[in-house]
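What follows is the content of my_file-v3.json (JSON, C-alpha atoms).
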[["chain", "number", "residue", "atom", "x", "y", "z"],
["W", 1, "MET", "CA", -43.03, -19.18, -8.15],
["W", 2, "ALA", "CA", -45.82, -17.85, -5.90],
["W", 3, "ASP", "CA", -43.86, -18.86, -2.79],
["W", 4, "PHE", "CA", -40.86, -16.82, -3.88],
["W", 5, "GLU", "CA", -43.03, -13.78, -4.59],
["W", 6, "GLN", "CA", -44.72, -14.06, -1.22],
["W", 7, "PHE", "CA", -41.33, -14.31, 0.41],
["W", 8, "GLY", "CA", -40.21, -11.11, -1.32],
["W", 9, "ALA", "CA", -43.36, -9.26, -0.32],
["W", 10, "LEU", "CA", -43.03, -10.39, 3.28],
["W", 11, "GLU", "CA", -39.45, -9.21, 3.44],
["W", 12, "SER", "CA", -40.41, -5.82, 2.01],
["W", 13, "ALA", "CA", -43.17, -5.47, 4.60],
["W", 14, "GLN", "CA", -40.76, -6.07, 7.42],
["W", 15, "GLY", "CA", -38.72, -3.15, 6.15],
["W", 16, "GLN", "CA", -35.11, -2.32, 6.32],
["W", 17, "GLU", "CA", -35.41, -0.76, 9.77],
["W", 18, "LYS", "CA", -35.70, -4.21, 11.34],
["W", 19, "ALA", "CA", -32.49, -5.30, 9.66],
["W", 20, "GLY", "CA", -30.81, -2.04, 10.59],
["W", 21, "GLU", "CA", -29.99, -1.32, 6.96],
["W", 22, "SER", "CA", -29.70, 1.93, 5.13],
["W", 23, "GLN", "CA", -32.08, 2.61, 2.26],
["W", 24, "GLU", "CA", -29.30, 1.87, -0.19],
["W", 25, "GLN", "CA", -28.36, -1.42, 1.50],
["W", 26, "PHE", "CA", -32.00, -2.45, 1.60],
["W", 27, "ARG", "CA", -32.46, -1.75, -2.12],
["W", 28, "GLU", "CA", -29.32, -3.70, -2.95],
["W", 29, "ARG", "CA", -30.48, -6.69, -0.92],
["W", 30, "GLN", "CA", -33.86, -6.55, -2.64],
["W", 31, "ARG", "CA", -32.12, -6.40, -6.03],
["W", 32, "GLN", "CA", -30.05, -9.48, -5.16],
["W", 33, "ASN", "CA", -33.14, -11.37, -3.97],
["W", 34, "GLN", "CA", -35.01, -10.56, -7.18],
["W", 35, "ALA", "CA", -32.02, -11.63, -9.25],
["W", 36, "ALA", "CA", -31.88, -14.94, -7.36],
["W", 37, "ILE", "CA", -35.60, -15.53, -7.91],
["W", 38, "ALA", "CA", -35.24, -14.75, -11.62],
["W", 39, "GLN", "CA", -32.35, -17.22, -11.84],
["W", 40, "ILE", "CA", -34.38, -19.96, -10.18],
["W", 41, "GLN", "CA", -37.30, -19.30, -12.51],
["W", 42, "GLN", "CA", -34.97, -19.48, -15.51],
["W", 43, "GLU", "CA", -33.45, -22.75, -14.29],
["W", 44, "GLU", "CA", -36.90, -24.26, -13.73],
["W", 45, "GLN", "CA", -37.98, -23.25, -17.23],
["W", 46, "GLN", "CA", -34.79, -24.69, -18.70],
["W", 47, "LYS", "CA", -35.30, -27.94, -16.80],
["W", 48, "LYS", "CA", -38.86, -28.18, -18.11],
["W", 49, "GLN", "CA", -37.66, -27.65, -21.68],
["W", 50, "ASP", "CA", -34.88, -30.20, -21.17],
["W", 51, "ASP", "CA", -37.31, -32.76, -19.73],
["W", 52, "ASN", "CA", -39.59, -32.27, -22.74],
["W", 53, "LEU", "CA", -36.64, -32.83, -25.08],
["W", 54, "LEU", "CA", -35.57, -35.99, -23.27],
["W", 55, "SER", "CA", -39.10, -37.37, -23.41],
["W", 56, "PHE", "CA", -39.27, -36.58, -27.12],
["W", 57, "ILE", "CA", -36.00, -38.42, -27.84],
["W", 58, "ILE", "CA", -37.07, -41.52, -25.92],
["W", 59, "VAL", "CA", -40.54, -41.61, -27.52],
["W", 60, "LYS", "CA", -39.06, -41.22, -31.02],
["W", 61, "PHE", "CA", -36.61, -44.04, -30.31],
["W", 62, "LEU", "CA", -39.32, -46.39, -29.08],
["W", 63, "SER", "CA", -41.59, -45.56, -32.02],
["W", 64, "GLN", "CA", -39.22, -47.39, -34.37],
["W", 65, "PRO", "CA", -40.57, -50.89, -35.17],
["W", 66, "GLN", "CA", -37.29, -52.62, -34.32],
["W", 67, "ARG", "CA", -37.28, -51.12, -30.80],
["W", 68, "THR", "CA", -40.17, -53.08, -29.34],
["W", 69, "GLY", "CA", -37.68, -55.13, -27.33],
["W", 70, "HIS", "CA", -36.41, -51.98, -25.61],
["W", 71, "PHE", "CA", -39.85, -50.76, -24.56],
["W", 72, "LEU", "CA", -40.30, -52.81, -21.39],
["W", 73, "LEU", "CA", -36.77, -52.11, -20.14],
["W", 74, "ILE", "CA", -37.04, -48.36, -20.67],
["W", 75, "SER", "CA", -40.55, -48.26, -19.19],
["W", 76, "LYS", "CA", -39.28, -49.88, -15.99],
["W", 77, "LEU", "CA", -36.34, -47.46, -15.78],
["W", 78, "VAL", "CA", -38.56, -44.42, -16.32],
["W", 79, "ALA", "CA", -40.96, -45.72, -13.65],
["W", 80, "LYS", "CA", -38.06, -45.92, -11.19],
["W", 81, "ASN", "CA", -37.07, -42.32, -12.01],
["W", 82, "ILE", "CA", -33.69, -43.30, -13.44],
["W", 83, "PRO", "CA", -32.10, -40.11, -14.89],
["W", 84, "SER", "CA", -33.45, -39.65, -18.43],
["W", 85, "ASP", "CA", -30.06, -38.46, -19.68],
["W", 86, "LEU", "CA", -28.57, -41.77, -18.58],
["W", 87, "ILE", "CA", -31.19, -43.73, -20.52],
["W", 88, "ILE", "CA", -30.47, -41.57, -23.55],
["W", 89, "ALA", "CA", -26.71, -42.06, -23.14],
["W", 90, "ILE", "CA", -27.27, -45.82, -23.24],
["W", 91, "ILE", "CA", -29.47, -45.87, -26.34],
["W", 92, "ALA", "CA", -27.05, -43.42, -28.02],
["W", 93, "LEU", "CA", -25.00, -46.42, -29.16],
["W", 94, "VAL", "CA", -27.77, -47.39, -31.56],
["W", 95, "TYR", "CA", -29.67, -44.10, -32.00],
["W", 96, "ASP", "CA", -27.92, -41.09, -33.51],
["W", 97, "ALA", "CA", -30.35, -38.45, -32.20],
["W", 98, "ALA", "CA", -29.61, -39.57, -28.65],
["W", 99, "GLY", "CA", -25.90, -39.44, -29.33],
["W", 100, "ASP", "CA", -26.16, -35.88, -30.64],
["W", 101, "HIS", "CA", -27.93, -34.78, -27.46],
["W", 102, "ILE", "CA", -25.40, -36.41, -25.15],
["W", 103, "HIS", "CA", -22.43, -35.00, -27.07],
["W", 104, "ALA", "CA", -23.85, -31.47, -26.99],
["W", 105, "LYS", "CA", -24.66, -31.59, -23.28],
["W", 106, "PHE", "CA", -21.88, -33.66, -21.73],
["W", 107, "SER", "CA", -18.79, -33.63, -23.98],
["W", 108, "HIS", "CA", -17.08, -31.11, -21.68],
["W", 109, "ILE", "CA", -17.35, -33.45, -18.66],
["W", 110, "GLU", "CA", -14.22, -35.39, -17.73],
["W", 111, "GLY", "CA", -14.45, -39.09, -16.96],
["W", 112, "LEU", "CA", -13.94, -40.26, -13.40],
["W", 113, "PHE", "CA", -11.57, -43.04, -14.38],
["W", 114, "ASP", "CA", -9.84, -44.48, -17.43],
["W", 115, "PHE", "CA", -10.88, -47.71, -19.11],
["W", 116, "ASP", "CA", -10.35, -49.42, -22.43],
["W", 117, "VAL", "CA", -12.57, -52.25, -23.62],
["W", 118, "LYS", "CA", -10.68, -54.73, -25.74],
["W", 119, "ASP", "CA", -11.78, -57.86, -27.53],
["W", 120, "ASN", "CA", -10.16, -59.29, -30.65],
["W", 121, "GLU", "CA", -13.50, -60.37, -32.09],
["W", 122, "MET", "CA", -15.00, -56.87, -32.19],
["W", 123, "GLY", "CA", -12.73, -55.12, -34.65],
["W", 124, "LEU", "CA", -11.13, -51.70, -34.25],
["W", 125, "ASP", "CA", -14.13, -49.70, -35.47],
["W", 126, "ASN", "CA", -16.50, -51.37, -33.03],
["W", 127, "LEU", "CA", -14.00, -51.04, -30.20],
["W", 128, "GLY", "CA", -13.75, -47.30, -30.85],
["W", 129, "LEU", "CA", -17.52, -46.94, -30.79],
["W", 130, "MET", "CA", -17.76, -48.98, -27.61],
["W", 131, "ASN", "CA", -15.16, -46.97, -25.73],
["W", 132, "ALA", "CA", -16.66, -43.62, -26.82],
["W", 133, "TRP", "CA", -20.10, -44.89, -25.76],
["W", 134, "LEU", "CA", -18.88, -46.01, -22.34],
["W", 135, "LEU", "CA", -17.13, -42.68, -21.80],
["W", 136, "ASN", "CA", -20.40, -40.84, -22.43],
["W", 137, "ILE", "CA", -22.31, -43.16, -20.09],
["W", 138, "GLN", "CA", -19.67, -42.48, -17.48],
["W", 139, "ARG", "CA", -19.92, -38.71, -18.02],
["W", 140, "VAL", "CA", -23.69, -38.68, -17.59],
["W", 141, "ALA", "CA", -23.68, -41.07, -14.65],
["W", 142, "SER", "CA", -21.00, -39.03, -12.87],
["W", 143, "VAL", "CA", -23.12, -35.88, -13.18],
["W", 144, "GLU", "CA", -26.23, -37.77, -12.04],
["W", 145, "ARG", "CA", -24.51, -40.11, -9.59],
["W", 146, "VAL", "CA", -26.53, -39.00, -6.55],
["W", 147, "LYS", "CA", -29.85, -39.58, -8.31],
["W", 148, "LEU", "CA", -28.48, -42.75, -9.90],
["W", 149, "PHE", "CA", -27.54, -44.14, -6.49],
["W", 150, "GLU", "CA", -30.97, -43.23, -5.09],
["W", 151, "THR", "CA", -32.98, -44.74, -7.94],
["W", 152, "GLY", "CA", -30.76, -47.34, -9.60],
["W", 153, "PHE", "CA", -29.64, -49.40, -6.61],
["W", 154, "ASP", "CA", -31.52, -51.51, -4.11],
["W", 155, "LYS", "CA", -31.02, -51.52, -0.35],
["W", 156, "GLU", "CA", -28.24, -54.10, -0.69],
["W", 157, "GLY", "CA", -26.37, -51.82, -3.08],
["W", 158, "LYS", "CA", -27.05, -53.91, -6.18],
["W", 159, "ILE", "CA", -27.57, -52.11, -9.49],
["W", 160, "ASP", "CA", -30.98, -52.37, -11.15],
["W", 161, "SER", "CA", -30.84, -55.32, -13.54],
["W", 162, "ASN", "CA", -32.92, -53.47, -16.14],
["W", 163, "LEU", "CA", -30.27, -50.77, -16.40],
["W", 164, "VAL", "CA", -27.59, -53.38, -17.05],
["W", 165, "GLU", "CA", -29.83, -55.27, -19.47],
["W", 166, "LEU", "CA", -30.50, -52.13, -21.54],
["W", 167, "CYS", "CA", -26.75, -51.62, -21.90],
["W", 168, "VAL", "CA", -26.28, -55.23, -22.95],
["W", 169, "VAL", "CA", -29.15, -55.13, -25.45],
["W", 170, "CYS", "CA", -27.71, -52.02, -27.12],
["W", 171, "ALA", "CA", -24.22, -53.54, -27.18],
["W", 172, "GLU", "CA", -25.61, -56.74, -28.69],
["W", 173, "GLU", "CA", -27.29, -54.78, -31.45],
["W", 174, "LEU", "CA", -23.99, -53.22, -32.43],
["W", 175, "PHE", "CA", -22.09, -56.49, -32.35],
["W", 176, "MET", "CA", -24.77, -58.75, -33.81],
["W", 177, "LYS", "CA", -22.89, -58.85, -37.08],
["W", 178, "ASN", "CA", -20.00, -60.44, -35.18],
["W", 179, "ASN", "CA", -22.20, -63.30, -34.00],
["W", 180, "ILE", "CA", -21.80, -62.30, -30.36],
["W", 181, "ARG", "CA", -21.32, -65.26, -28.07],
["W", 182, "GLU", "CA", -23.18, -65.91, -24.83],
["W", 183, "ASP", "CA", -20.00, -65.77, -22.76],
["W", 184, "LEU", "CA", -19.21, -62.37, -24.27],
["W", 185, "ARG", "CA", -22.70, -61.23, -23.28],
["W", 186, "LEU", "CA", -22.04, -62.27, -19.69],
["W", 187, "LYS", "CA", -18.71, -60.49, -19.80],
["W", 188, "PHE", "CA", -20.44, -57.24, -20.73],
["W", 189, "SER", "CA", -23.11, -57.72, -18.06],
["W", 190, "GLU", "CA", -20.42, -57.98, -15.41],
["W", 191, "PHE", "CA", -18.60, -54.98, -16.86],
["W", 192, "PHE", "CA", -21.68, -52.73, -16.74],
["W", 193, "VAL", "CA", -22.45, -53.75, -13.16],
["W", 194, "GLN", "CA", -18.89, -52.79, -12.21],
["W", 195, "LEU", "CA", -19.06, -49.53, -14.18],
["W", 196, "PHE", "CA", -22.21, -48.23, -12.46],
["W", 197, "THR", "CA", -21.09, -49.41, -9.04],
["W", 198, "VAL", "CA", -17.76, -47.59, -9.31],
["W", 199, "ILE", "CA", -19.45, -44.39, -10.55],
["W", 200, "SER", "CA", -22.03, -44.37, -7.76],
["W", 201, "LYS", "CA", -19.31, -44.63, -5.10],
["W", 202, "SER", "CA", -16.93, -42.07, -6.65]]

Written as structure tokens, how would this file's structure read?
Amino acid sequence: MADFEQFGALESAQGQEKAGESQEQFRERQRQNQAAIAQIQQEEQQKKQDDNLLSFIIVKFLSQPQRTGHFLLISKLVAKNIPSDLIIAIIALVYDAAGDHIHAKFSHIEGLFDFDVKDNEMGLDNLGLMNAWLLNIQRVASVERVKLFETGFDKEGKIDSNLVELCVVCAEELFMKNNIREDLRLKFSEFFVQLFTVISKS
């Protein structure tokens, strides 16, 4: 925040006479500048707290013994600066703490488009979970779509395969009890590629 403070001091030194302002106008402009600086400081502090929370959720998720298979995928996504909230939205399907965070932060966001995943082998309960999960992924990705496009796509416009694979791995975990078939796995891979591509171009 030193830059902002220096800016304020410099402006004060120049004085209101240069701007042709009255004393009252000058004080009001100074008040507005200070309020803007305070708002930026507050937002930066909030972002730092939020980043710490996101890191905590991801670390707690990966510390579970059964999550060793997720570690490499998530590590690659974090290294590419994929939005942390998007990673958390994906693992929310199989990790309640992540789901609680996403619901609290993004439930007020409207989806960009309607969709309804259907498959007779999944059962109604699993279908409901899948559609709610995809809606939350869509909500987060729509909010972060600029960063997602910058970090999650290559120069040819293809989505990062690790992002798609993490979605598939989480979906497989949910549907393992249904003896998920390989062709169904491919179906979901194609669906996630389409989902992220549509969001990034919306």

Identify, on the basis of all atoms listed in the file, every residue whose closest approach to Gly99 in chain W does not exceed 9 Å; exclude the query and any residue fewer than 5 positions from it along the same chain; express the result as a PyMOL selection string.
-> chain W and resi 88-94+104+133+136

Name the residues in contact with range 60-76 of chain W at a cut-off of 8 Å, using all atoms listed in the file, excluding same-chain residues fewer than 4 positions from it; report them as an MDAnalysis selection string.
-> chainID W and resid 56 80 87 95 162:163 165:166 169

Which one of W:His101, W:Phe26, W:Val193, W:Leu174 sits closest to Leu129 in chain W if you count only C-alpha atoms?
->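 Nearest candidate to Leu129 in chain W out of W:His101, W:Phe26, W:Val193, W:Leu174: W:Leu174.
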
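Atom pair CA of Phe191 in chain W / CA of Ile109 in chain W has a distance of 21.6 Å (rounded to one decimal).
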
Gap from CA of Ala79 in chain W to CA of Glu173 in chain W - Å, one decimal |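 Distance reported for this atom pair: 24.2 Å.
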
Using CA of Phe153 in chain W and CA of Ile102 in chain W as the two end points, give the distance in Å to one decimal.
-> 23.0 Å

Which of W:Glu110, W:Phe196, W:Ser161, W:Lys155 sits closest to Arg139 in chain W [using only C-alpha atoms] |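 Closest to Arg139 in chain W of all the choices is W:Glu110.
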
W:Gln194, W:Glu172, W:Val146, W:Ser84: which is nearest Ile159 in chain W, counting only C-alpha atoms?
-> W:Gln194

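Distances to Ala141 in chain W were evaluated for W:Ala98, W:Val168, W:Gly128, W:Thr197 using only C-alpha atoms, and the minimum falls at W:Thr197.
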
Could you check which of W:Cys167, W:Ile57, W:Ile199, W:Ile82 is closest to Val143 in chain W, using all atoms listed in the file?
->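 Closest to Val143 in chain W of all the choices is W:Ile199.
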
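Considering the residues W:Gly157, W:Met130, W:Glu28, W:Ser142 and counting only C-alpha atoms, Phe188 in chain W has its shortest atom-to-atom contact with W:Met130.
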